[in-house]
Amino acid sequence: MKTLRLAFLLLALVSASARAEENRYDLLGHTLMPFLNVFAKSTTNPNRALAFTLKLEQMTDLPSGLTGSQAEVAIEYPDKFRLHAPVLGEDVTICRKGQELWAFPGSKVEALLSAAAEAKKLPKADPKFQLQPFALPVPEKELVFLPALFQVKDVGSEALDGETCRVLDLFLVPELAHSLKAQGWGARAWINGANKPVRLSVAKPGWMIVVRFEHLEFAPKLPESTWEPTSEQAGDVLKLDPVRYQQLLGTLVK
C-alpha cells in the first residue's frame with residue numbers, strides 16, 4: 001500500500017511539472033498567434049490589422065533626450081503599413097498603402113536620405129526591388145510549433161501599473177541560434193491576463209533594449225484615414241518609389 005501511495009504521489013508530481021511546462025509554452029503561443037494571424041494568408045481569425053505604440057524605456061548608449069520616446073505602428077494585411085516615430089529630433093511618418101508610398105515631413109526625409117547617400121551610409125537596394133504583400137517567414141501550417149523554437153522559462157509574476165503580468169525568459173533553441181548566428185541573444189516578456197505583451201526586453205552581450213507596449217489593439221481593419229496624410233501634413237509629403245522606401249526604412253533601423 002505504501003508503494004502504491006508513493007507511485008501515485010510521484011505520478012502527481014510528474015503530471016504537475018508537465019502541466020507547468022506546457023502552460024508557459026501555451027502562454028507564449030497564445031501571445032504570438034494574434035500577431036501571426038494578421039500576416040497569415042489563410043486564417044479564420046477576423047482580425048487582419050493591428051495598431052500599437054512602443055515606448056522606449058531603456059537602450060544601451062541611448063541619448064537622454066530619447067528616453068520615453070514613442071513609436072506608433074499600424075499594419076493591415078496584405079499591404080498597409082504606417083510608422084510614426086522621432087528621427088533626429090523630428091517626428092517622421094512613413095506610410096505604405098499598397099503600392100502608394102509617402103513620408104512626412106518630405107523636406108526633412110529628403111535631406112536625411114541625401115545625407116546618408118553623401119556619407120555612403122545609405123543601405124544598398126536592388127534597383128529592381130518591388131514591394132510584395134506581407135508574408136510570414138515560416139509555412140503557416142507550422143505556426144502551431146513556433147513556441148517550440150524557444151527555450152521558455154517562467155520567472156514568476158510582476159505588477160506593472162497595477163496590472164499583474166506573467167514574466168517569461170525566452171531563448172532560441174541552440175540549433176536555431178547557431179544557424180542564425182544569434183548565440184547570446186535573449187528576451188524577457190511581460191504578458192498580461194489578456195495574453196498581450198506589456199513590456200519586452202531584448203539583449204545580447206554588450207547591448208540591450210527595453211520597450212513598453214501601449215494601446216495594443218487587433219481589429220478586422222483600420223480606418224481608411226490611417227493611410228492618408230492629415231490636412232496638416234499634406235503640404236510637405238514626399239512620394240517614394242519602392243527602392244527609396246526600402247532605403248528609408250533601412251536608414252531608420254540603423
# chains A, B, ... in the order shown; residues from 1 in each chain; ligands from 1
$ closest_atom_pairs --of "stretch 42-116 of chain A" --to "stretch 238-244 of chain A" --cutoff "7 Å" --atoms "only C-alpha atoms" --output "CSV"
residue,atom,partner,partner_atom,distance
A:Leu101,CA,A:Leu240,CA,5.2
A:Trp102,CA,A:Lys239,CA,4.5
A:Ala103,CA,A:Leu238,CA,5.2
A:Phe104,CA,A:Leu238,CA,6.4
A:Gly106,CA,A:Leu238,CA,4.2
$ closest_residue --among "A:Ile191, A:Ile209, A:Ala119, A:Leu36" --to "A:Phe134" --atoms "only C-alpha atoms"
A:Leu36
$ residues_around --residues "A:Pro220" --least-positions-apart "2" --cutoff "12 Å" --atoms "only C-alpha atoms" --output "ChimeraX atom specification"
/A:34,37-38,44-51,75-78,217-218,222-223
$ write_last_selection --atoms "C-alpha atoms" --output "compact mmCIF listing (two decimals), in the first residue's frame"
# COMPACT_ATOMS: atom_id res chain seq x y z
CA PRO A 34 -2.82 37.13 -32.72
CA ASN A 37 -2.82 35.70 -37.73
CA VAL A 38 -2.63 39.26 -39.05
CA THR A 44 -10.26 32.01 -39.72
CA ASN A 45 -9.33 34.84 -37.35
CA PRO A 46 -11.24 38.00 -38.36
CA ASN A 47 -8.50 40.37 -37.14
CA ARG A 48 -6.29 41.33 -40.07
CA ALA A 49 -4.91 44.55 -38.61
CA LEU A 50 -3.11 45.76 -35.51
CA ALA A 51 -2.01 49.06 -34.06
CA ILE A 75 -0.36 47.34 -40.00
CA GLU A 76 -3.14 45.86 -42.09
CA TYR A 77 -2.92 42.75 -44.26
CA PRO A 78 -1.98 42.41 -47.04
CA GLU A 217 -5.24 46.56 -30.41
CA PHE A 218 -6.22 43.98 -33.02
CA LEU A 222 -8.25 50.11 -39.51
CA PRO A 223 -9.90 53.39 -40.59
$ select_by_dssp --residues "stretch 57-91 of chain A" --states "strand (DSSP E or B)" --output "list in words"
Glu57, Gln58, Met59, Gln70, Ala71, Glu72, Val73, Ala74, Ile75, Glu76, Lys80, Phe81, Arg82, Leu83, His84, Ala85, Pro86, Val87, Glu90 and Asp91 of chain A
$ closest_residue --among "A:Leu28, A:Cys95, A:Ala71, A:Leu56" --to "A:Arg199" --atoms "only C-alpha atoms"
A:Leu56
$ select_by_dssp --residues "stretch 60-124 of chain A" --states "helix (DSSP H, G or I)" --output "mmCIF file with N, CA, C and O atoms, in the first residue's frame"
data_model
loop_
_atom_site.group_PDB
_atom_site.id
_atom_site.type_symbol
_atom_site.label_atom_id
_atom_site.label_comp_id
_atom_site.auth_asym_id
_atom_site.auth_seq_id
_atom_site.Cartn_x
_atom_site.Cartn_y
_atom_site.Cartn_z
ATOM 1 N N SER A 64 19.914 60.814 -23.599
ATOM 2 C CA SER A 64 18.921 61.054 -22.547
ATOM 3 C C SER A 64 17.622 61.639 -23.107
ATOM 4 O O SER A 64 16.543 61.376 -22.593
ATOM 5 N N GLY A 65 17.704 62.405 -24.157
ATOM 6 C CA GLY A 65 16.516 63.016 -24.711
ATOM 7 C C GLY A 65 15.549 62.040 -25.347
ATOM 8 O O GLY A 65 14.387 62.390 -25.602
ATOM 9 N N LEU A 66 15.994 60.832 -25.629
ATOM 10 C CA LEU A 66 15.130 59.852 -26.283
ATOM 11 C C LEU A 66 14.465 58.894 -25.302
ATOM 12 O O LEU A 66 13.623 58.092 -25.696
ATOM 13 N N GLY A 106 8.322 65.747 -45.848
ATOM 14 C CA GLY A 106 9.072 65.385 -47.039
ATOM 15 C C GLY A 106 10.429 66.054 -47.133
ATOM 16 O O GLY A 106 11.419 65.429 -47.518
ATOM 17 N N SER A 107 10.506 67.330 -46.770
ATOM 18 C CA SER A 107 11.782 68.049 -46.875
ATOM 19 C C SER A 107 12.824 67.456 -45.941
ATOM 20 O O SER A 107 13.998 67.306 -46.310
ATOM 21 N N LYS A 108 12.432 67.103 -44.732
ATOM 22 C CA LYS A 108 13.363 66.510 -43.768
ATOM 23 C C LYS A 108 13.795 65.110 -44.202
ATOM 24 O O LYS A 108 14.961 64.729 -44.082
ATOM 25 N N VAL A 109 12.844 64.322 -44.714
ATOM 26 C CA VAL A 109 13.162 62.962 -45.152
ATOM 27 C C VAL A 109 14.095 62.992 -46.352
ATOM 28 O O VAL A 109 15.044 62.209 -46.441
ATOM 29 N N GLU A 110 13.837 63.912 -47.274
ATOM 30 C CA GLU A 110 14.714 64.056 -48.440
ATOM 31 C C GLU A 110 16.132 64.408 -47.999
ATOM 32 O O GLU A 110 17.122 63.859 -48.508
ATOM 33 N N ALA A 111 16.244 65.305 -47.022
ATOM 34 C CA ALA A 111 17.559 65.690 -46.503
ATOM 35 C C ALA A 111 18.240 64.511 -45.804
ATOM 36 O O ALA A 111 19.456 64.321 -45.923
ATOM 37 N N LEU A 112 17.467 63.714 -45.081
ATOM 38 C CA LEU A 112 18.017 62.548 -44.396
ATOM 39 C C LEU A 112 18.587 61.548 -45.397
ATOM 40 O O LEU A 112 19.703 61.037 -45.226
ATOM 41 N N LEU A 113 17.842 61.287 -46.461
ATOM 42 C CA LEU A 113 18.307 60.352 -47.485
ATOM 43 C C LEU A 113 19.538 60.895 -48.211
ATOM 44 O O LEU A 113 20.481 60.153 -48.498
ATOM 45 N N SER A 114 19.541 62.181 -48.497
ATOM 46 C CA SER A 114 20.678 62.787 -49.190
ATOM 47 C C SER A 114 21.934 62.739 -48.320
ATOM 48 O O SER A 114 23.032 62.433 -48.807
ATOM 49 N N ALA A 115 21.777 63.019 -47.020
ATOM 50 C CA ALA A 115 22.923 62.988 -46.110
ATOM 51 C C ALA A 115 23.477 61.575 -45.989
ATOM 52 O O ALA A 115 24.695 61.371 -45.965
ATOM 53 N N ALA A 116 22.587 60.584 -45.924
ATOM 54 C CA ALA A 116 23.035 59.192 -45.837
ATOM 55 C C ALA A 116 23.758 58.778 -47.107
ATOM 56 O O ALA A 116 24.760 58.062 -47.067
ATOM 57 N N ALA A 117 23.271 59.256 -48.251
ATOM 58 C CA ALA A 117 23.922 58.925 -49.522
ATOM 59 C C ALA A 117 25.307 59.561 -49.605
ATOM 60 O O ALA A 117 26.279 58.924 -50.026
ATOM 61 N N GLU A 118 25.427 60.829 -49.183
ATOM 62 C CA GLU A 118 26.718 61.520 -49.224
ATOM 63 C C GLU A 118 27.728 60.870 -48.279
ATOM 64 O O GLU A 118 28.925 60.813 -48.570
#
$ closest_atom_pairs --of "stretch 172-197 of chain A" --to "stretch 152-167 of chain A" --cutoff "10 Å" --atoms "only C-alpha atoms" --output "CSV"
residue,atom,partner,partner_atom,distance
A:Leu172,CA,A:Val152,CA,8.8
A:Val173,CA,A:Val152,CA,9.4
A:Ala187,CA,A:Val152,CA,9.8
A:Arg188,CA,A:Val167,CA,6.9
A:Ala189,CA,A:Val167,CA,5.7
A:Trp190,CA,A:Val167,CA,4.6
A:Ile191,CA,A:Cys165,CA,5.0
A:Asn192,CA,A:Cys165,CA,4.4
A:Gly193,CA,A:Cys165,CA,6.7
A:Ala194,CA,A:Cys165,CA,9.6
A:Asn195,CA,A:Cys165,CA,9.1
A:Lys196,CA,A:Cys165,CA,9.4
A:Pro197,CA,A:Cys165,CA,8.8
$ atom_distance --atom1 "atom CA of A:Asp79" --atom2 "atom CA of A:Met33"
19.3 Å
$ closest_residue --among "A:Gly250, A:Pro63, A:Gly29, A:Gly68" --to "A:Leu122" --atoms "only C-alpha atoms"
A:Gly250
$ closest_residue --among "A:Pro139, A:Tyr25, A:Asp236, A:Ile94" --to "A:Asp169" --atoms "only C-alpha atoms"
A:Tyr25
